[in-house]
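Engineer: Here it is, the structure in full.
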Amino acid sequence: MAFTEPVLTKRIPLDPNQRHTVWYDEYVATGGYAALKKAMDLKSDEIIKIVTDSGLRGRGGAGFSAGQKWSFIPKEKKGPHYLAVNADESEPGTFKDRYLIDYDPHQMLEGIAIAAKATHCDIAYIYIRGEYHRQAKVLERAIKEAYEHGIFGQKGMLGTDFKLECYVHRGAGAYICGEETGLLESLEGKRGWPRNKPPFPAIAGAFARPTVINNVETLCCIPWIIGRDDGPAWFKSMGTKSSPGPKLYGMSGHLNKPGVYEDELGITLERSIEIAGGMKGGKYKAAICGGISMGVLGPNQLDIKLDFDDVRFRGGCLGLGTAGMIVMNEHSDMVAALRNCVRFYAHESCGQCTPCREGSGWMAKILNRIMDGMGRRQDLDMLLELEKTQGIMPGTTICGLADGTAWATRTFINKFYDEFAARCPEEPLVPVTIKRGRLHPATPMGSNTR
C-alpha cells in the first residue's frame, strides 16, 4: 500500500475556501481521541514499542526515531517529567506546523496526551513562536475544550488515574529557540542559549528534569499509529524502508500553487513540484529542500528522493530537514539567495560560540561585498574555508546553527560555482618596470642599498 489518501490533513480540505478549524465536537465525530482511549489501556512500554516498530522519525528536522527518543526517559520517577512541544517553526521556508495548528489542533493534543502517557509526563508545554498570534489563540481554545472534556486536568485523563496539565508558552521570535536546548532555556525564562550535551534532555531537560521534546507534525502522527490494530505495518506501507510514513511538504517559491501538500516520504523533487502546480516564470534551477539550513539542490537533481537519506547522500545536503521547499526558477540570482541566507544566520546567531558569532558575520560581509560588485577570487576560497571551521560537525560550536550557515554556503557555491566566480574575477596582473638608479653613494652604506 502506498499513499492513497490524506492522513494528517484528512480533516483539512485542499480547497482553501472550505477550510475551517476543527474543534472538539467535530474532531470526536470524525474519530478523534479514539486512539487515546485505546492508549489508556496499554502500558507505557507497549506504546513506545508500537511507535518504535512503526519507524516514525522526527519531523522537526533531525529525523531521529521518535520511539527511541521516548525510551530514553528513565522508567523510575523521582520527580516530575515534562513534555515540550516544539512549535517554534522558525526555519525559513517552513510553515507546515502552523497549518496543522490552524485547522486541526486537537490532532496534536491527542498526540501530546499519548506521548505523555508513554513517558509518564506530568506537564506538557507547547512552545510556540511569538509571531504565531492567531495560532496561539487557537491552541488556547482547543486546550480549554480538552480540559472541559477530561483530556487534561487533575480529574484524571478520561476518568483514569493519569493526570496531565498542558500550557501554551509563547516565544519571542528567536530562531535559536527552535533548537531543543535553546527552547528549554527560554521555557525556563532565561536567554535562549543552547546547552552543552550531555546531559541530554531525556535525563536533565526542563527544570533539570527528564523531558521529551517532539515536533508538532511528529505528535500528529501518533494517533494514527496507535489507533489502528496494524498501526506499524500500515505506517511502513508508505514512504521508504528507512523513512516510512506520510509527510507534509511546505511548497513555496516560484510555483503556481504554493502551499502545504501531503504525500509519502520518498517522492522525487520533480513530483513535489508537480503537486504544487509546476514552475512559475521559468524553468527549474534550484530548490532549498528542508529549510535554508539544509542547503540547496541543483539543476540536475530533480530525481532526488525527498526522504531522510537520499537528500543527504545523493543530494549533497545536510538532510531533508523540515521539508520546507523553496523552489527557484532559472532567473534566480544564486549569489543574492546565499547572501540572504547568510545574512539571516548572522542576525540570528545567539553569540555564545565565537566561530558562529564571528564566522557568520564575516561571511555576510564578504557576500555583501560580492553583491556590491567588489568581489575577489580569494573571497570564494575564504568562504569555503570559513564554512569548514564552524558547527557541530567540526566540533567548534554547541548547536547546529553554524552548520546551517556552513551547508548553505557549501552547497550554493559548489553547485553554482560559475555564477559566483563571475562575480569574483581574477585580479589582472599589473606590469611593473624596475629601473636601477645611478651609482651615487649618498649614504654611509654605499651603493649596495640601491
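Ligands are numbered from 1 in the order shown, chains are lettered A, B, ... in the order of the C-alpha cells, and residues start at 1 in each chain.
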Mind checking which residues fall within 7 Å of Ile176 (chain A), counting only C-alpha atoms, ignoring those fewer than 4 positions away in the same chain, and posting them as JSON, numbers by chain?
Structural biologist: {"A": [182, 192, 348, 350]}
Engineer: What's the 6 Å shell around region 287-295 of chain A, counting only C-alpha atoms, without same-chain residues fewer than 4 positions away, as a list in words?
Structural biologist: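 In the requested form, the answer reads Glu91, Pro92, Gly93, Cys317, Leu318, Gly319, Leu320, Gly321, Thr322, Ala323, Gly324, Met325, Ile326, Val327, Met328, Gly404, Trp407, Ala408 and Thr411 of chain A.
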Engineer: Print the selection's residues with C-alpha atoms to a file, as a PDB file, in the first residue's frame.
Structural biologist:
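After the write, out.pdb holds the following:
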```
ATOM      1  CA  GLU A  91      13.246  27.690   9.977  1.00  0.00           C
ATOM      2  CA  PRO A  92      12.839  29.924   6.869  1.00  0.00           C
ATOM      3  CA  GLY A  93      10.599  28.260   4.296  1.00  0.00           C
ATOM      4  CA  CYS A 317      22.636  18.371   1.535  1.00  0.00           C
ATOM      5  CA  LEU A 318      22.570  18.141   5.305  1.00  0.00           C
ATOM      6  CA  GLY A 319      19.239  16.274   5.169  1.00  0.00           C
ATOM      7  CA  LEU A 320      15.532  16.626   4.441  1.00  0.00           C
ATOM      8  CA  GLY A 321      15.055  18.886   7.446  1.00  0.00           C
ATOM      9  CA  THR A 322      11.512  20.173   7.766  1.00  0.00           C
ATOM     10  CA  ALA A 323      10.680  19.614   4.065  1.00  0.00           C
ATOM     11  CA  GLY A 324      10.118  23.337   3.694  1.00  0.00           C
ATOM     12  CA  MET A 325      10.769  23.576  -0.042  1.00  0.00           C
ATOM     13  CA  ILE A 326      11.784  26.904  -1.581  1.00  0.00           C
ATOM     14  CA  VAL A 327      11.865  26.365  -5.347  1.00  0.00           C
ATOM     15  CA  MET A 328      13.717  28.794  -7.629  1.00  0.00           C
ATOM     16  CA  GLY A 404      23.207  25.622   8.682  1.00  0.00           C
ATOM     17  CA  TRP A 407      25.855  23.844   4.465  1.00  0.00           C
ATOM     18  CA  ALA A 408      24.018  26.687   2.754  1.00  0.00           C
ATOM     19  CA  THR A 411      26.110  23.781  -1.476  1.00  0.00           C
TER      20      THR A 411
END
```
Engineer: According to DSSP computed on the backbone, where in region 139-350 of chain A is there strand (DSSP E)? Give the residues as an NGL selection string.
Structural biologist: :A and (165-170 or 211-215 or 246-253 or 259-264 or 284-288 or 296-297 or 324-329)
Engineer: As an exercise, work out the distance from CA of Ala66 (chain A) to CA of Ile126 (chain A) in Å and give it to one decimal place.
Structural biologist: 17.3 Å
Engineer: List the neighbours of Gly178 (chain A) out to 7 Å using only C-alpha atoms; skip same-chain residues closer than 6 positions along the sequence, and give me the result as a PyMOL selection string.
Structural biologist: chain A and resi 86+88-90
Engineer: Leaving out Asn196 (chain A) and any residue of its chain fewer than 2 positions from it, which residues lie within 7 Å of it when counting only C-alpha atoms, given as a list in words?
Structural biologist: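 Final neighbour list, sorted by chain and number: Pro194, Pro198 and Ile398 of chain A.
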Engineer: Looking only at the backbone, which of the residues in region 234-272 of chain A does DSSP tag as alpha helix (DSSP H), as a VMD selection string?
Structural biologist: chain A and resid 234 to 236 269 to 272
Engineer: For the residues selected in the previous step, produce a file with C-alpha atoms as a PDB file, in the first residue's frame.
Structural biologist:
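out.pdb was written with the following content:
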```pdb
ATOM      1  CA  TRP A 234       0.221   0.425   7.907  1.00  0.00           C
ATOM      2  CA  PHE A 235       2.631   3.282   8.615  1.00  0.00           C
ATOM      3  CA  LYS A 236       5.514   1.398   6.977  1.00  0.00           C
ATOM      4  CA  LEU A 269      11.712  16.620  -6.095  1.00  0.00           C
ATOM      5  CA  GLU A 270      10.134  16.722  -9.542  1.00  0.00           C
ATOM      6  CA  ARG A 271       6.952  15.124  -8.185  1.00  0.00           C
ATOM      7  CA  SER A 272       6.712  17.674  -5.358  1.00  0.00           C
TER       8      SER A 272
END
```
